[in-house]
Amino acid sequence: MINIMTLKIIITGFGPFGSIKENPSSVLGENLAKTLVSMGYSAQFVQRRTAIKDCQDFYDKLAEDDCVVIHIGVNSGVSRINVEFQGFNEASFSIPDADGAQPMHEKIVDDYPYQFLFKNKLDLDSIVEKMSDSLDASFSAGRYICNYMYFLGLSNVGRKSRGTVFIHIPMFETLPLEKQLKTMVDFTGHFVETVQ
């Protein structure tokens with residue numbers, strides 16, 4: 001049995017990209033980490049550029065396997081926080097990443113078949129059920145950087161982390177930061193319990 005208060009929680013968000021100068025995923029991620037630390041959790045925030053290289057570097061350099069990772073990305077098309085249940089081994093970018101890379105119909109991880117569907121093994125169902133007033137389940141993180149990061153994360157569970165999840169959040173104009181932060185604090189408490 002692990003102590004959830006000492007389990008390291010690593011939260012990632014993306015940096016500026018395109019017309020988004022201050023990425024909501026980083027604003028929320030940074031606030032979430034600070035709030036969790038103030039509650040006694042061991043948490044840290046890491047900002048990544050919206051680039052394949054940064055996704056790969058994050059997992060290449062992740063040295064602690066005794067941690068959980070919460071990835072956050074923004075989706076302007078949603079009105080509530082979405083918990084992604086699975087990732088796909090496919091990179092098909094509709095627009096280039098921050099470095100100009102634009103893979104089409106390529107594997108993310110060579111060890112798995114192209115388009116392999118990797119389901120999160122943690123009990124996300126029970127969390128979404130408990131928090132159904134503020135969270136939605138999602139079964140597609142797209143095929144851009146968010147899915148890229150999530151598939152890398154899922155493929156590294158058991159080697160680089162105890163568990164991972166990807167969260168898509170709405171813009172703050174749609175759902176204010178304060179409400180998103182409260183939801184994510186509650187979600188994180190439930191999430192770390194599923195890793196036991």
# chains A, B, ... in the order shown; residues from 1 in each chain; ligands from 1
>>> residues_around(residues="Ser79 of chain A", least_positions_apart="3", cutoff="10 Å", atoms="only C-alpha atoms", output="list in words")
Asn75, Ser76, Asn82, Leu135, Asp136, Ile169, Pro170, Met171, Phe172, Glu173, Thr174 and Leu175 of chain A
>>> closest_atom_pairs(of="segment 90-121 of chain A", to="segment 10-30 of chain A", cutoff="12 Å", atoms="only C-alpha atoms", output="Markdown table")
| residue | atom | partner | partner_atom | distance |
| --- | --- | --- | --- | --- |
| A:Ile95 | CA | A:Gly18 | CA | 10.2 |
| A:Pro96 | CA | A:Gly18 | CA | 10.3 |
| A:Asp97 | CA | A:Phe17 | CA | 8.6 |
| A:Ala98 | CA | A:Phe17 | CA | 7.1 |
| A:Asp99 | CA | A:Phe17 | CA | 10.8 |
| A:Gly100 | CA | A:Phe17 | CA | 11.8 |
>>> select_by_dssp(residues="chain A", states="alpha helix (DSSP H)", output="PyMOL selection string")
chain A and resi 24-38+52-61+124-130+145-155+177-194
>>> atom_distance(atom1="atom CA of Gly87 of chain A", atom2="atom CA of Ala141 of chain A")
6.7 Å
>>> closest_atom_pairs(of="segment 25-65 of chain A", to="segment 146-164 of chain A", cutoff="12 Å", atoms="only C-alpha atoms", output="JSON lines")
{"residue": "A:Ser25", "atom": "CA", "partner": "A:Cys146", "partner_atom": "CA", "distance": 11.1}
{"residue": "A:Arg48", "atom": "CA", "partner": "A:Met149", "partner_atom": "CA", "distance": 10.2}
{"residue": "A:Arg49", "atom": "CA", "partner": "A:Met149", "partner_atom": "CA", "distance": 11.3}
{"residue": "A:Thr50", "atom": "CA", "partner": "A:Cys146", "partner_atom": "CA", "distance": 8.7}
{"residue": "A:Ala51", "atom": "CA", "partner": "A:Tyr148", "partner_atom": "CA", "distance": 9.5}
{"residue": "A:Ile52", "atom": "CA", "partner": "A:Tyr148", "partner_atom": "CA", "distance": 7.5}
{"residue": "A:Lys53", "atom": "CA", "partner": "A:Met149", "partner_atom": "CA", "distance": 10.3}
{"residue": "A:Asp54", "atom": "CA", "partner": "A:Met149", "partner_atom": "CA", "distance": 9.1}
{"residue": "A:Cys55", "atom": "CA", "partner": "A:Met149", "partner_atom": "CA", "distance": 5.5}
{"residue": "A:Gln56", "atom": "CA", "partner": "A:Leu152", "partner_atom": "CA", "distance": 7.6}
{"residue": "A:Asp57", "atom": "CA", "partner": "A:Met149", "partner_atom": "CA", "distance": 10.5}
{"residue": "A:Phe58", "atom": "CA", "partner": "A:Met149", "partner_atom": "CA", "distance": 9.1}
{"residue": "A:Tyr59", "atom": "CA", "partner": "A:Lys160", "partner_atom": "CA", "distance": 7.3}
{"residue": "A:Asp60", "atom": "CA", "partner": "A:Lys160", "partner_atom": "CA", "distance": 8.9}
{"residue": "A:Lys61", "atom": "CA", "partner": "A:Lys160", "partner_atom": "CA", "distance": 9.4}
{"residue": "A:Leu62", "atom": "CA", "partner": "A:Lys160", "partner_atom": "CA", "distance": 6.4}
{"residue": "A:Ala63", "atom": "CA", "partner": "A:Lys160", "partner_atom": "CA", "distance": 6.8}
{"residue": "A:Glu64", "atom": "CA", "partner": "A:Lys160", "partner_atom": "CA", "distance": 6.2}
{"residue": "A:Asp65", "atom": "CA", "partner": "A:Lys160", "partner_atom": "CA", "distance": 4.3}
>>> write_last_selection(atoms="N, CA and C atoms", output="short mmCIF file (atom, residue, chain, number, x, y, z; two decimals), in the first residue's frame")
data_model
loop_
_atom_site.label_atom_id
_atom_site.label_comp_id
_atom_site.auth_asym_id
_atom_site.auth_seq_id
_atom_site.Cartn_x
_atom_site.Cartn_y
_atom_site.Cartn_z
N SER A 25 -3.91 25.08 -20.44
CA SER A 25 -3.45 23.82 -19.83
C SER A 25 -2.30 24.07 -18.86
N ARG A 48 5.50 21.84 -21.25
CA ARG A 48 6.14 21.31 -22.47
C ARG A 48 5.70 22.15 -23.66
N ARG A 49 6.60 22.28 -24.63
CA ARG A 49 6.19 22.92 -25.88
C ARG A 49 5.26 21.97 -26.63
N THR A 50 4.48 22.51 -27.53
CA THR A 50 3.57 21.69 -28.34
C THR A 50 4.37 21.10 -29.49
N ALA A 51 5.21 20.13 -29.13
CA ALA A 51 6.13 19.55 -30.11
C ALA A 51 6.43 18.09 -29.77
N ILE A 52 6.56 17.27 -30.81
CA ILE A 52 6.90 15.86 -30.64
C ILE A 52 8.15 15.70 -29.77
N LYS A 53 9.16 16.50 -30.08
CA LYS A 53 10.44 16.40 -29.35
C LYS A 53 10.24 16.57 -27.85
N ASP A 54 9.39 17.51 -27.45
CA ASP A 54 9.16 17.75 -26.03
C ASP A 54 8.41 16.60 -25.37
N CYS A 55 7.49 15.98 -26.10
CA CYS A 55 6.78 14.80 -25.57
C CYS A 55 7.77 13.67 -25.34
N GLN A 56 8.62 13.42 -26.33
CA GLN A 56 9.60 12.34 -26.22
C GLN A 56 10.61 12.63 -25.11
N ASP A 57 11.09 13.87 -25.04
CA ASP A 57 12.06 14.25 -24.02
C ASP A 57 11.51 14.07 -22.61
N PHE A 58 10.22 14.38 -22.44
CA PHE A 58 9.61 14.25 -21.11
C PHE A 58 9.76 12.82 -20.61
N TYR A 59 9.40 11.86 -21.45
CA TYR A 59 9.47 10.46 -21.00
C TYR A 59 10.89 9.90 -21.02
N ASP A 60 11.72 10.40 -21.93
CA ASP A 60 13.12 9.97 -21.92
C ASP A 60 13.81 10.36 -20.61
N LYS A 61 13.45 11.54 -20.10
CA LYS A 61 14.14 12.08 -18.92
C LYS A 61 13.43 11.76 -17.61
N LEU A 62 12.23 11.18 -17.68
CA LEU A 62 11.50 10.87 -16.46
C LEU A 62 12.21 9.72 -15.74
N ALA A 63 12.82 10.03 -14.60
CA ALA A 63 13.67 9.05 -13.91
C ALA A 63 12.93 8.30 -12.82
N GLU A 64 11.84 8.88 -12.34
CA GLU A 64 11.15 8.28 -11.21
C GLU A 64 10.02 7.39 -11.69
N ASP A 65 10.06 6.11 -11.31
CA ASP A 65 8.94 5.25 -11.66
C ASP A 65 7.88 5.29 -10.56
#
>>> residues_around(residues="Asp125 of chain A", least_positions_apart="4", cutoff="9 Å", atoms="only C-alpha atoms", output="list in words")
Phe85, Glu129, Lys130 and Ala137 of chain A
>>> select_by_dssp(residues="segment 83-181 of chain A", states="strand (DSSP E)", output="VMD selection string")
chain A and resid 83 to 84 86 to 88 117 to 119 135 to 138 163 to 169
>>> write_last_selection(atoms="C-alpha atoms", output="PDB file, in the first residue's frame")
ATOM      1  CA  VAL A  83     -11.066  12.462 -19.068  1.00  0.00           C
ATOM      2  CA  GLU A  84      -9.414  10.563 -21.919  1.00  0.00           C
ATOM      3  CA  GLN A  86      -7.485   5.667 -24.308  1.00  0.00           C
ATOM      4  CA  GLY A  87      -4.749   6.612 -26.732  1.00  0.00           C
ATOM      5  CA  PHE A  88      -4.031   5.513 -30.301  1.00  0.00           C
ATOM      6  CA  LEU A 117      -5.753   1.278 -29.163  1.00  0.00           C
ATOM      7  CA  PHE A 118      -4.215   1.492 -25.679  1.00  0.00           C
ATOM      8  CA  LYS A 119      -6.881   1.575 -22.967  1.00  0.00           C
ATOM      9  CA  LEU A 135     -16.514  15.473 -15.750  1.00  0.00           C
ATOM     10  CA  ASP A 136     -17.144  13.666 -19.029  1.00  0.00           C
ATOM     11  CA  ALA A 137     -15.516  10.516 -20.406  1.00  0.00           C
ATOM     12  CA  SER A 138     -13.831  10.814 -23.799  1.00  0.00           C
ATOM     13  CA  GLY A 163      -0.132   5.441 -13.913  1.00  0.00           C
ATOM     14  CA  THR A 164      -1.063   8.274 -16.213  1.00  0.00           C
ATOM     15  CA  VAL A 165      -4.103  10.089 -17.545  1.00  0.00           C
ATOM     16  CA  PHE A 166      -4.791  12.791 -20.109  1.00  0.00           C
ATOM     17  CA  ILE A 167      -7.301  15.534 -19.348  1.00  0.00           C
ATOM     18  CA  HIS A 168      -8.792  17.856 -21.950  1.00  0.00           C
ATOM     19  CA  ILE A 169     -10.065  21.139 -20.567  1.00  0.00           C
TER      20      ILE A 169
END
>>> residues_around(residues="Glu90 of chain A", least_positions_apart="4", cutoff="8 Å", atoms="only C-alpha atoms", output="VMD selection string")
chain A and resid 105 to 108 114 to 116 143 148
>>> closest_residue(among="A:Gln47, A:Gln102, A:Ser42, A:Thr194", to="Asp123 of chain A", atoms="only C-alpha atoms")
A:Thr194
>>> closest_residue(among="A:Met131, A:Met104, A:Val37, A:Ala43", to="Val69 of chain A", atoms="only C-alpha atoms")
A:Ala43
>>> atom_distance(atom1="atom CA of Gly77 of chain A", atom2="atom CA of Phe93 of chain A")
17.4 Å
